[in-house]
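Below is the file coords-v2.cif, which contains mmCIF, C-alpha atoms.
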data_model
#
loop_
_atom_site.label_atom_id
_atom_site.label_comp_id
_atom_site.auth_asym_id
_atom_site.auth_seq_id
_atom_site.Cartn_x
_atom_site.Cartn_y
_atom_site.Cartn_z
CA MET Q 13 2.51 -11.70 -1.35
CA GLN Q 14 2.22 -10.34 -4.90
CA PHE Q 15 1.50 -6.73 -5.75
CA ASN Q 16 -1.16 -6.88 -8.42
CA ARG Q 17 -2.83 -3.46 -8.33
CA ARG Q 18 -1.27 -0.12 -9.23
CA PHE Q 19 -2.50 3.33 -8.23
CA LYS Q 20 -1.50 6.77 -9.46
CA ILE Q 21 -1.73 9.70 -7.05
CA ILE Q 22 -1.66 13.46 -7.63
CA PHE Q 23 -0.31 15.43 -4.70
CA GLN Q 24 0.83 18.91 -3.75
CA TYR Q 25 3.04 20.36 -1.05
CA LEU Q 26 4.86 23.33 0.38
CA GLY Q 27 8.47 22.21 0.26
CA THR Q 28 9.91 24.60 2.88
CA LYS Q 29 10.40 22.15 5.74
CA TYR Q 30 11.35 19.11 3.65
CA GLU Q 31 14.71 17.92 2.34
CA GLY Q 32 13.31 17.56 -1.15
CA TYR Q 33 11.05 14.93 -2.65
CA GLN Q 34 13.34 11.90 -2.61
CA LYS Q 35 14.21 9.90 0.49
CA GLN Q 36 17.82 10.32 1.57
CA ASN Q 37 19.77 7.07 1.76
CA VAL Q 38 22.92 6.22 3.70
CA GLY Q 39 24.37 2.79 2.97
CA GLY Q 40 21.15 1.72 1.27
CA LYS Q 41 18.98 2.68 4.25
CA SER Q 42 16.73 5.69 4.64
CA LYS Q 43 18.47 8.54 6.48
CA PRO Q 44 16.91 8.88 9.96
CA LYS Q 45 15.10 12.06 11.03
CA THR Q 46 15.18 13.46 7.48
CA LYS Q 47 11.78 14.69 6.35
CA THR Q 48 11.11 14.17 2.65
CA ILE Q 49 7.94 14.28 0.59
CA GLN Q 50 8.37 10.68 -0.57
CA GLY Q 51 9.02 9.45 2.96
CA GLU Q 52 5.97 11.16 4.47
CA ILE Q 53 3.61 9.99 1.71
CA GLU Q 54 4.92 6.41 1.91
CA ASN Q 55 4.42 6.51 5.66
CA ALA Q 56 0.81 7.68 5.20
CA ILE Q 57 0.04 5.03 2.55
CA ASN Q 58 1.41 2.20 4.69
CA LYS Q 59 -0.41 3.40 7.80
CA TYR Q 60 -3.63 3.60 5.81
CA PHE Q 61 -3.24 -0.01 4.67
CA ASN Q 62 -1.99 -1.05 8.13
CA ILE Q 63 1.40 -2.22 6.85
CA GLN Q 64 4.57 -2.03 8.96
CA GLN Q 65 8.05 -1.64 7.43
CA GLN Q 66 9.40 -4.33 9.75
CA GLN Q 67 7.06 -7.03 8.44
CA SER Q 68 8.74 -10.01 6.75
CA SER Q 69 8.47 -10.84 3.06
CA GLN Q 70 6.02 -13.67 3.87
CA GLN Q 71 3.53 -11.09 5.14
CA GLN Q 72 2.35 -7.83 3.58
CA GLN Q 73 5.19 -6.02 1.81
CA TYR Q 74 6.04 -2.40 2.53
CA ILE Q 75 4.61 -0.06 -0.14
CA TYR Q 76 7.04 2.25 -1.94
CA LEU Q 77 6.11 5.38 -3.88
CA VAL Q 78 7.62 5.96 -7.34
CA GLY Q 79 7.49 9.69 -8.11
CA SER Q 80 7.42 11.40 -11.47
CA SER Q 81 9.50 14.44 -10.48
CA ARG Q 82 12.15 14.68 -7.78
CA THR Q 83 12.08 18.28 -6.62
CA ASP Q 84 14.87 19.78 -4.49
CA ALA Q 85 14.68 20.92 -0.87
CA GLY Q 86 12.47 24.00 -0.52
CA VAL Q 87 10.78 23.62 -3.92
CA HIS Q 88 6.97 23.56 -3.92
CA ALA Q 89 4.50 21.58 -6.03
CA LEU Q 90 0.92 22.28 -7.00
CA HIS Q 91 0.79 19.13 -9.12
CA ASN Q 92 3.22 16.26 -8.64
CA THR Q 93 2.44 12.61 -9.33
CA GLY Q 94 3.56 9.13 -8.38
CA HIS Q 95 2.41 5.52 -8.29
CA PHE Q 96 2.42 2.68 -5.80
CA ASP Q 97 1.56 -1.02 -5.93
CA ILE Q 98 -0.48 -3.05 -3.47
CA ASP Q 99 -1.80 -6.59 -3.18
CA ASN Q 100 -5.44 -7.21 -3.97
CA GLU Q 101 -6.29 -8.52 -0.50
CA SER Q 102 -5.09 -5.37 1.32
CA TYR Q 103 -6.88 -3.15 -1.17
CA LEU Q 104 -10.19 -5.00 -0.88
CA LYS Q 105 -10.10 -4.85 2.91
CA ARG Q 106 -9.85 -1.08 2.79
CA LYS Q 107 -12.35 -0.73 -0.04
CA GLU Q 108 -15.01 -2.59 1.94
CA LYS Q 109 -14.61 -0.19 4.84
CA TYR Q 110 -13.93 3.10 3.00
CA GLU Q 111 -15.53 2.98 -0.43
CA ASN Q 112 -14.00 5.44 -2.96
CA SER Q 113 -11.98 7.32 -0.33
CA LEU Q 114 -8.37 6.18 -0.75
CA HIS Q 115 -6.89 9.68 -0.94
CA THR Q 116 -9.12 10.94 1.90
CA GLY Q 117 -7.95 8.12 4.15
CA MET Q 118 -4.28 8.68 3.32
CA ASN Q 119 -4.63 12.41 3.96
CA PHE Q 120 -5.71 11.61 7.53
CA PHE Q 121 -2.14 10.44 8.17
CA LEU Q 122 -0.74 13.61 6.55
CA SER Q 123 -2.76 16.00 8.72
CA GLU Q 124 0.34 17.44 10.39
CA GLU Q 125 2.29 17.77 7.14
CA ASP Q 126 2.30 20.45 4.42
CA ILE Q 127 1.30 17.74 1.94
CA CYS Q 128 -2.06 16.86 0.41
CA ILE Q 129 -3.00 13.92 -1.82
CA CYS Q 130 -5.54 15.36 -4.25
CA LYS Q 131 -6.50 12.31 -6.28
CA CYS Q 132 -5.95 8.56 -6.36
CA GLU Q 133 -6.91 6.41 -9.35
CA GLU Q 134 -6.19 2.84 -10.40
CA LYS Q 135 -3.94 2.30 -13.42
CA PRO Q 136 -2.86 -0.74 -15.46
CA LEU Q 137 0.25 -2.50 -14.12
CA HIS Q 138 2.34 -1.38 -17.10
CA PHE Q 139 1.74 2.31 -16.26
CA HIS Q 140 4.76 4.11 -14.83
CA SER Q 141 4.45 7.57 -13.25
CA ARG Q 142 7.78 8.76 -14.64
CA PHE Q 143 8.12 7.08 -18.01
CA PHE Q 144 4.59 7.87 -19.19
CA VAL Q 145 5.17 11.60 -18.62
CA LYS Q 146 4.70 13.72 -21.72
CA GLU Q 147 5.57 17.15 -20.32
CA ARG Q 148 6.28 18.89 -17.03
CA GLU Q 149 5.53 22.52 -16.27
CA TYR Q 150 7.35 24.65 -13.71
CA GLN Q 151 6.73 28.24 -12.71
CA TYR Q 152 9.16 30.51 -10.91
CA ARG Q 153 7.84 33.44 -8.87
CA ILE Q 154 9.87 36.61 -8.26
CA LEU Q 155 8.73 39.51 -6.09
CA ILE Q 156 10.24 42.84 -7.10
CA GLY Q 157 10.13 45.12 -4.07
CA GLY Q 158 11.84 47.94 -2.26
CA SER Q 159 15.18 48.10 -0.50
CA LYS Q 160 16.04 45.88 2.47
CA SER Q 161 14.63 48.47 4.83
CA ASP Q 162 11.27 48.10 3.07
CA LEU Q 163 8.67 45.66 4.44
CA SER Q 164 8.38 43.82 1.11
CA HIS Q 165 11.69 42.16 1.97
CA LYS Q 166 10.56 40.90 5.36
CA THR Q 167 6.81 40.29 5.49
CA PRO Q 168 6.20 36.76 6.86
CA PHE Q 169 3.18 36.18 4.60
CA LEU Q 170 5.43 35.99 1.54
CA LYS Q 171 8.42 34.30 3.14
CA ASP Q 172 9.56 31.14 1.36
CA ARG Q 173 7.04 31.69 -1.47
CA PHE Q 174 9.01 34.03 -3.76
CA TRP Q 175 12.52 35.09 -4.59
CA THR Q 176 12.43 38.68 -3.35
CA ILE Q 177 14.56 41.07 -5.42
CA THR Q 178 15.33 44.31 -3.59
CA LEU Q 179 15.65 47.49 -5.61
CA PRO Q 180 17.34 50.77 -4.55
CA TYR Q 181 15.58 52.93 -1.99
CA SER Q 182 13.49 55.79 -3.35
CA SER Q 183 12.30 58.81 -1.40
CA GLU Q 184 9.18 58.93 -3.56
CA TYR Q 185 6.32 57.07 -1.90
CA LYS Q 186 4.87 54.21 -3.93
CA THR Q 187 7.48 54.48 -6.65
CA PRO Q 188 6.53 52.26 -9.64
CA ILE Q 189 8.95 49.68 -10.96
CA THR Q 190 10.16 50.68 -14.41
CA ASN Q 191 12.41 49.00 -16.97
CA ASP Q 192 15.37 51.18 -16.00
CA LEU Q 193 15.25 49.53 -12.55
CA PHE Q 194 14.33 45.99 -13.64
CA ASN Q 195 14.10 45.39 -17.39
CA VAL Q 196 11.28 42.87 -17.74
CA ASP Q 197 11.10 43.37 -21.52
CA LEU Q 198 14.75 42.37 -21.94
CA MET Q 199 14.25 39.46 -19.54
CA ARG Q 200 11.34 38.23 -21.68
CA GLU Q 201 13.40 38.61 -24.85
CA CYS Q 202 16.31 36.62 -23.39
CA ALA Q 203 14.01 33.89 -22.06
CA ASN Q 204 13.15 33.01 -25.65
CA LEU Q 205 16.80 32.08 -26.24
CA PHE Q 206 16.19 28.94 -24.17
CA LEU Q 207 13.41 27.67 -26.44
CA GLY Q 208 14.14 24.46 -28.32
CA LYS Q 209 16.88 21.87 -27.87
CA HIS Q 210 20.15 22.96 -26.23
CA ASN Q 211 23.06 21.61 -24.25
CA PHE Q 212 22.43 23.10 -20.79
CA SER Q 213 25.86 22.35 -19.29
CA ASN Q 214 26.19 26.01 -18.28
CA PHE Q 215 22.77 25.92 -16.65
CA CYS Q 216 22.79 22.83 -14.43
CA LYS Q 217 24.51 21.32 -11.43
CA THR Q 218 28.07 20.19 -12.17
CA ASN Q 219 27.92 16.82 -10.40
CA ILE Q 220 25.46 15.19 -12.82
CA PRO Q 221 26.69 11.67 -13.76
CA GLU Q 222 28.77 11.45 -16.93
CA GLY Q 223 26.34 9.12 -18.69
CA VAL Q 224 23.47 11.62 -18.46
CA THR Q 225 23.07 13.90 -21.46
CA ARG Q 226 22.98 17.64 -20.77
CA GLU Q 227 20.70 18.17 -23.76
CA ARG Q 228 17.13 19.15 -22.97
CA THR Q 229 14.26 20.59 -25.03
CA ILE Q 230 12.13 23.48 -23.81
CA THR Q 231 8.80 23.56 -25.64
CA GLU Q 232 7.34 26.69 -24.04
CA ILE Q 233 8.66 29.59 -21.99
CA SER Q 234 7.07 32.86 -20.94
CA VAL Q 235 7.68 35.81 -18.62
CA THR Q 236 4.61 37.60 -17.29
CA GLU Q 237 4.07 40.55 -14.94
CA HIS Q 238 1.47 40.56 -12.19
CA GLU Q 239 0.60 43.68 -10.24
CA ILE Q 240 -0.14 43.02 -6.58
CA GLU Q 241 -3.55 44.57 -6.04
CA PRO Q 242 -3.91 46.79 -2.96
CA ASP Q 243 -6.25 45.38 -0.33
CA ILE Q 244 -6.13 47.00 3.09
CA ASN Q 245 -7.40 43.84 4.76
CA LEU Q 246 -5.53 41.06 2.96
CA ASN Q 247 -2.58 42.68 1.21
CA PRO Q 248 0.62 41.85 3.20
CA LEU Q 249 2.41 44.63 1.29
CA GLN Q 250 0.07 47.46 2.31
CA PHE Q 251 2.90 49.12 4.29
CA SER Q 252 5.54 48.77 1.58
CA GLU Q 253 7.02 51.95 0.15
CA ARG Q 254 7.38 50.36 -3.25
CA ILE Q 255 4.57 49.36 -5.59
CA CYS Q 256 5.61 45.72 -5.67
CA LYS Q 257 5.33 43.53 -8.73
CA GLU Q 258 5.43 39.79 -9.30
CA ILE Q 259 7.40 38.42 -12.25
CA ARG Q 260 6.47 34.86 -13.18
CA LEU Q 261 8.50 32.58 -15.44
CA LYS Q 262 6.68 29.54 -16.89
CA VAL Q 263 8.68 26.72 -18.51
CA ARG Q 264 7.45 23.50 -20.14
CA GLY Q 265 9.45 20.49 -21.35
CA HIS Q 266 9.68 16.74 -21.03
CA SER Q 267 12.42 16.80 -18.37
CA PHE Q 268 14.96 19.12 -16.77
CA LEU Q 269 18.42 18.81 -15.29
CA GLN Q 270 18.99 19.43 -11.60
CA HIS Q 271 18.97 23.19 -10.86
CA GLN Q 272 18.43 23.92 -14.59
CA ILE Q 273 15.40 26.19 -14.22
CA ARG Q 274 16.78 27.97 -11.17
CA MET Q 275 20.08 28.70 -12.94
CA MET Q 276 18.19 29.95 -15.99
CA VAL Q 277 16.16 32.25 -13.73
CA TYR Q 278 19.32 33.53 -12.03
CA SER Q 279 20.80 34.53 -15.41
CA LEU Q 280 17.56 36.16 -16.59
CA VAL Q 281 17.32 38.22 -13.40
CA ASN Q 282 20.91 39.38 -13.89
CA VAL Q 283 20.00 40.43 -17.43
CA ALA Q 284 17.04 42.43 -16.10
CA LEU Q 285 19.31 44.10 -13.55
CA GLY Q 286 21.88 44.97 -16.24
CA LYS Q 287 24.64 42.76 -14.79
CA ILE Q 288 25.01 40.55 -17.89
CA SER Q 289 23.91 40.88 -21.50
CA LYS Q 290 21.73 38.96 -23.92
CA GLU Q 291 24.90 38.02 -25.78
CA ASP Q 292 26.32 36.42 -22.62
CA ILE Q 293 23.38 34.02 -22.40
CA GLN Q 294 23.53 33.20 -26.10
CA PHE Q 295 27.26 32.44 -25.82
CA ALA Q 296 26.67 30.18 -22.81
CA LEU Q 297 24.12 28.18 -24.81
CA ASP Q 298 26.22 28.02 -27.97
CA ASN Q 299 29.41 27.08 -26.08
CA PRO Q 300 28.35 24.65 -23.31
CA LEU Q 301 31.94 23.67 -22.47
CA VAL Q 302 33.03 27.29 -21.95
CA THR Q 303 31.88 29.39 -19.01
CA ASN Q 304 31.58 33.09 -19.79
CA ILE Q 305 29.02 34.26 -17.24
CA LYS Q 306 28.98 34.16 -13.47
CA LYS Q 307 26.92 31.11 -12.56
CA GLY Q 308 24.38 31.18 -9.80
CA THR Q 309 21.23 29.44 -8.64
CA ALA Q 310 17.99 31.21 -7.80
CA PRO Q 311 16.52 30.29 -4.40
CA ALA Q 312 14.45 27.11 -4.24
CA CYS Q 313 11.52 28.91 -2.55
CA GLY Q 314 10.39 30.57 -5.79
CA LEU Q 315 10.08 27.36 -7.82
CA TYR Q 316 6.77 25.52 -8.22
CA LEU Q 317 6.03 22.30 -10.10
CA THR Q 318 2.62 23.22 -11.55
CA ASP Q 319 1.57 20.56 -14.07
CA ILE Q 320 2.41 17.10 -15.44
CA THR Q 321 0.78 15.69 -18.58
CA TYR Q 322 0.80 12.05 -19.61
CA TYR Q 323 0.71 9.87 -22.69
CA ASP Q 324 -2.24 7.53 -23.03
CA ASP Q 325 -2.06 4.49 -20.72
CA ASN Q 326 -2.01 2.18 -23.76
CA ASP Q 327 0.55 4.06 -25.88
CA GLU Q 328 2.56 1.21 -27.40
CA SER Q 329 5.70 3.32 -28.01
CA VAL Q 330 5.96 4.16 -24.30
CA ILE Q 331 5.20 0.59 -23.22
CA ASN Q 332 7.90 -0.75 -25.57
CA ARG Q 333 10.43 1.80 -24.28
CA ILE Q 334 9.82 0.69 -20.69
CA ARG Q 335 10.08 -2.95 -21.72
CA GLU Q 336 13.46 -2.27 -23.39
CA LYS Q 337 14.77 -0.63 -20.22
CA GLU Q 338 13.69 -3.64 -18.17
CA GLU Q 339 15.38 -6.04 -20.61
CA GLU Q 340 18.59 -3.97 -20.44
CA GLY Q 341 18.46 -4.10 -16.63
CA ILE Q 342 18.04 -0.33 -16.22
CA PRO Q 343 16.27 0.35 -12.88
CA LEU Q 344 13.01 2.15 -13.63
CA ASP Q 345 13.17 4.25 -10.45
CA GLU Q 346 16.73 5.56 -10.77
CA GLU Q 347 16.72 7.67 -13.93
CA ASN Q 348 18.08 11.21 -13.54
CA ASP Q 349 15.47 13.94 -13.14
CA GLU Q 350 15.34 17.71 -12.54
#
What's the structure tokens form of this structure?
Amino acid sequence: MQFNRRFKIIFQYLGTKYEGYQKQNVGGKSKPKTKTIQGEIENAINKYFNIQQQQSSQQQQYIYLVGSSRTDAGVHALHNTGHFDIDNESYLKRKEKYENSLHTGMNFFLSEEDICICKCEEKPLHFHSRFFVKEREYQYRILIGGSKSDLSHKTPFLKDRFWTITLPYSSEYKTPITNDLFNVDLMRECANLFLGKHNFSNFCKTNIPEGVTRERTITEISVTEHEIEPDINLNPLQFSERICKEIRLKVRGHSFLQHQIRMMVYSLVNVALGKISKEDIQFALDNPLVTNIKKGTAPACGLYLTDITYYDDNDESVINRIREKEEEGIPLDEENDE
């Protein structure tokens, strides 16, 4: 049976209980009992269309999801995208019964998951959810709070949503966070060093395949401060000794290397804490084959995929680029991503 209809979906999720977006394979088969975003959404799509993975090729074929961004375990997404193909007969059967409710029907089978499909729309068959991407936006959330004895470090309402940075204990109640404790101004200044095209070898995972370039271009980066407003009813930090503050890093670019943003955040936090200097970051960018700073990776729980923009469906330059990859035999679903 031929797949002759293609649909793009927009979905969001809390990544805490999942082993990342991509299905884990062992010997070419999906790893059993491993929960992934891709695996759960594929399961929901196939249940919605009443398709079983065990069915033979002469019957309905199992539907696979091609994602635009493969986030790591524990990373969240407010806006991720993907596409899947289906045969016309299966689609029409569902359409007759549930007019204009594809994403609603699929969400029924995700009711016990921390995943929601927000939109489903038909696309031309040449559309590809990854290769038509123009830019991706990530945000990283940091909560600056009190010492480990302070409730800001432990409150369950913020667990797995931020990277919590603990500052020294102060005997003064509701002590504000100043630049001498956490230098946000210097952090913002150093963030601008990442703008433009760089070799990010010092800011990515070391096991990236040799054929993948470490050069990436960051088109926008910002560091903003957000005071957590006191609310005696809804504020989970109402018992904290410290006036807590959220620091939010926003980064935009076409694509990112694995752990790139989290390693950038780790370095910027160390700058704000006075552990490394602005010159250390500049040297690491200018000398990608030399390591001069202590590398580290910020926790996955603070990272959010927040936006994906696309080229026009009929952009000839993108269509030709995909066609060239197909002619060269490059699998369209196996390109390296963040």
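What the PyMOL selection byres ((chain Q and resi 260) around 9) matches in the given file is Gln151, Tyr152, Arg153, Ile154, Leu155, Ser234, Val235, Thr236, Glu237, His238, Glu258, Ile259, Leu261 and Lys262 of chain Q.
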Residues selected by the PyMOL selection byres ((chain Q and resi 86) around 6), written as a list in words: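 So the PyMOL selection byres ((chain Q and resi 86) around 6), applied here, picks out Gly27, Thr28, Ala85, Val87, Ala312 and Cys313 of chain Q.
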Picked residues, the PyMOL selection byres ((chain Q and resi 298-306) around 9), as a ChimeraX atom specification: /Q:210-215,279,288,292-297,307-308
Surrounding residues of Q:Ser81 excluding itself and chain neighbours under 3 positions, 9 Å, only C-alpha atoms, as a list in words: Tyr33, Asn92, Thr93, Gly94, Ser141, Arg142, Arg148, Ser267, Leu317, Asp349 and Glu350 of chain Q
Among listed residues Q:Phe19, Q:Tyr60, Q:Phe139, Q:Tyr25, nearest Q:Arg333 (using all atoms listed in the file):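 Using all atoms listed in the file, Q:Arg333 sits closest to Q:Phe139.
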Within-7 Å shell of (15.8, 21.7, -9.4) in input frame, all atoms listed in the file, as an mmCIF file with C-alpha atoms, in the coordinates of the input:
data_model
loop_
_atom_site.group_PDB
_atom_site.id
_atom_site.type_symbol
_atom_site.label_atom_id
_atom_site.label_comp_id
_atom_site.auth_asym_id
_atom_site.auth_seq_id
_atom_site.Cartn_x
_atom_site.Cartn_y
_atom_site.Cartn_z
ATOM 1 C CA THR Q 83 12.080 18.280 -6.620
ATOM 2 C CA ASP Q 84 14.870 19.780 -4.490
ATOM 3 C CA GLN Q 270 18.990 19.430 -11.600
ATOM 4 C CA HIS Q 271 18.970 23.190 -10.860
ATOM 5 C CA GLN Q 272 18.430 23.920 -14.590
ATOM 6 C CA ILE Q 273 15.400 26.190 -14.220
ATOM 7 C CA ARG Q 274 16.780 27.970 -11.170
ATOM 8 C CA GLU Q 350 15.340 17.710 -12.540
#
Between atom CA of Q:Glu340 and atom CA of Q:Lys209, distance in Å (one decimal): 26.9 Å
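Interatomic distance, atom CA of Q:Leu285 against atom CA of Q:Asn195: 6.6 Å.
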Minimum-distance residue to Q:Asn247, chosen among Q:Phe121, Q:Phe143, Q:Phe169, Q:Phe268 (using only C-alpha atoms):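 Among Q:Phe121, Q:Phe143, Q:Phe169, Q:Phe268, it is Q:Phe169 that comes nearest to Q:Asn247.
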Selected residue of minimal separation from Q:Arg18 among Q:Gly208, Q:Gly117, Q:Gly158, Q:Pro136, counting all atoms listed in the file: Q:Pro136
Pick from Q:Ile57, Q:Ile334, Q:Glu52, Q:Gln250, whichever lies nearest to Q:Ser164 using all atoms listed in the file: Q:Gln250
Distance criterion (all atoms listed in the file): nearest to Q:Arg226 out of Q:Val145, Q:Leu269, Q:Ile49, Q:Cys256: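 Among the listed residues, Q:Leu269 lies closest to Q:Arg226.
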Long-range neighbours of Q:Ile129 as a ChimeraX atom specification, 8 Å cut-off, only C-alpha atoms, 6 positions minimum in chain: /Q:21-24,115-116,118-119
What would the file look like if the residues just selected were written as an mmCIF file, in the coordinates of the input with C-alpha atoms?
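out38.cif was written with the following content:
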data_model
loop_
_atom_site.group_PDB
_atom_site.id
_atom_site.type_symbol
_atom_site.label_atom_id
_atom_site.label_comp_id
_atom_site.auth_asym_id
_atom_site.auth_seq_id
_atom_site.Cartn_x
_atom_site.Cartn_y
_atom_site.Cartn_z
ATOM 1 C CA ILE Q 21 -1.730 9.700 -7.050
ATOM 2 C CA ILE Q 22 -1.660 13.460 -7.630
ATOM 3 C CA PHE Q 23 -0.310 15.430 -4.700
ATOM 4 C CA GLN Q 24 0.830 18.910 -3.750
ATOM 5 C CA HIS Q 115 -6.890 9.680 -0.940
ATOM 6 C CA THR Q 116 -9.120 10.940 1.900
ATOM 7 C CA MET Q 118 -4.280 8.680 3.320
ATOM 8 C CA ASN Q 119 -4.630 12.410 3.960
#
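For the pair atom CA of Q:Gly286 and atom CA of Q:Thr190, the separation is 13.2 Å.
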Contacts of Q:Gln14 at 8 Å (all atoms listed in the file; same-chain gap of 2+ positions) as an MDAnalysis selection string: chainID Q and resid 16 98:99
Set the distance at 12 Å and use only C-alpha atoms: which residues neighbour Q:Lys146 once local chain neighbours fewer than 2 positions away are removed? I'd like the list as a short mmCIF file (atom, residue, chain, number, x, y, z; two decimals) with C-alpha atoms, keeping the file's coordinate frame.
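Produced file result-v7.cif, reproduced below:
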data_model
loop_
_atom_site.label_atom_id
_atom_site.label_comp_id
_atom_site.auth_asym_id
_atom_site.auth_seq_id
_atom_site.Cartn_x
_atom_site.Cartn_y
_atom_site.Cartn_z
CA SER Q 80 7.42 11.40 -11.47
CA HIS Q 140 4.76 4.11 -14.83
CA SER Q 141 4.45 7.57 -13.25
CA ARG Q 142 7.78 8.76 -14.64
CA PHE Q 143 8.12 7.08 -18.01
CA PHE Q 144 4.59 7.87 -19.19
CA ARG Q 148 6.28 18.89 -17.03
CA GLU Q 149 5.53 22.52 -16.27
CA THR Q 231 8.80 23.56 -25.64
CA ARG Q 264 7.45 23.50 -20.14
CA GLY Q 265 9.45 20.49 -21.35
CA HIS Q 266 9.68 16.74 -21.03
CA SER Q 267 12.42 16.80 -18.37
CA ASP Q 319 1.57 20.56 -14.07
CA ILE Q 320 2.41 17.10 -15.44
CA THR Q 321 0.78 15.69 -18.58
CA TYR Q 322 0.80 12.05 -19.61
CA TYR Q 323 0.71 9.87 -22.69
CA ASP Q 324 -2.24 7.53 -23.03
CA ASP Q 325 -2.06 4.49 -20.72
CA ASP Q 327 0.55 4.06 -25.88
CA VAL Q 330 5.96 4.16 -24.30
#
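Take the candidates Q:Lys29, Q:His138, Q:Lys105, Q:Lys287 and check each one against Q:Ile331 using all atoms listed in the file; the shortest distance goes to Q:His138.
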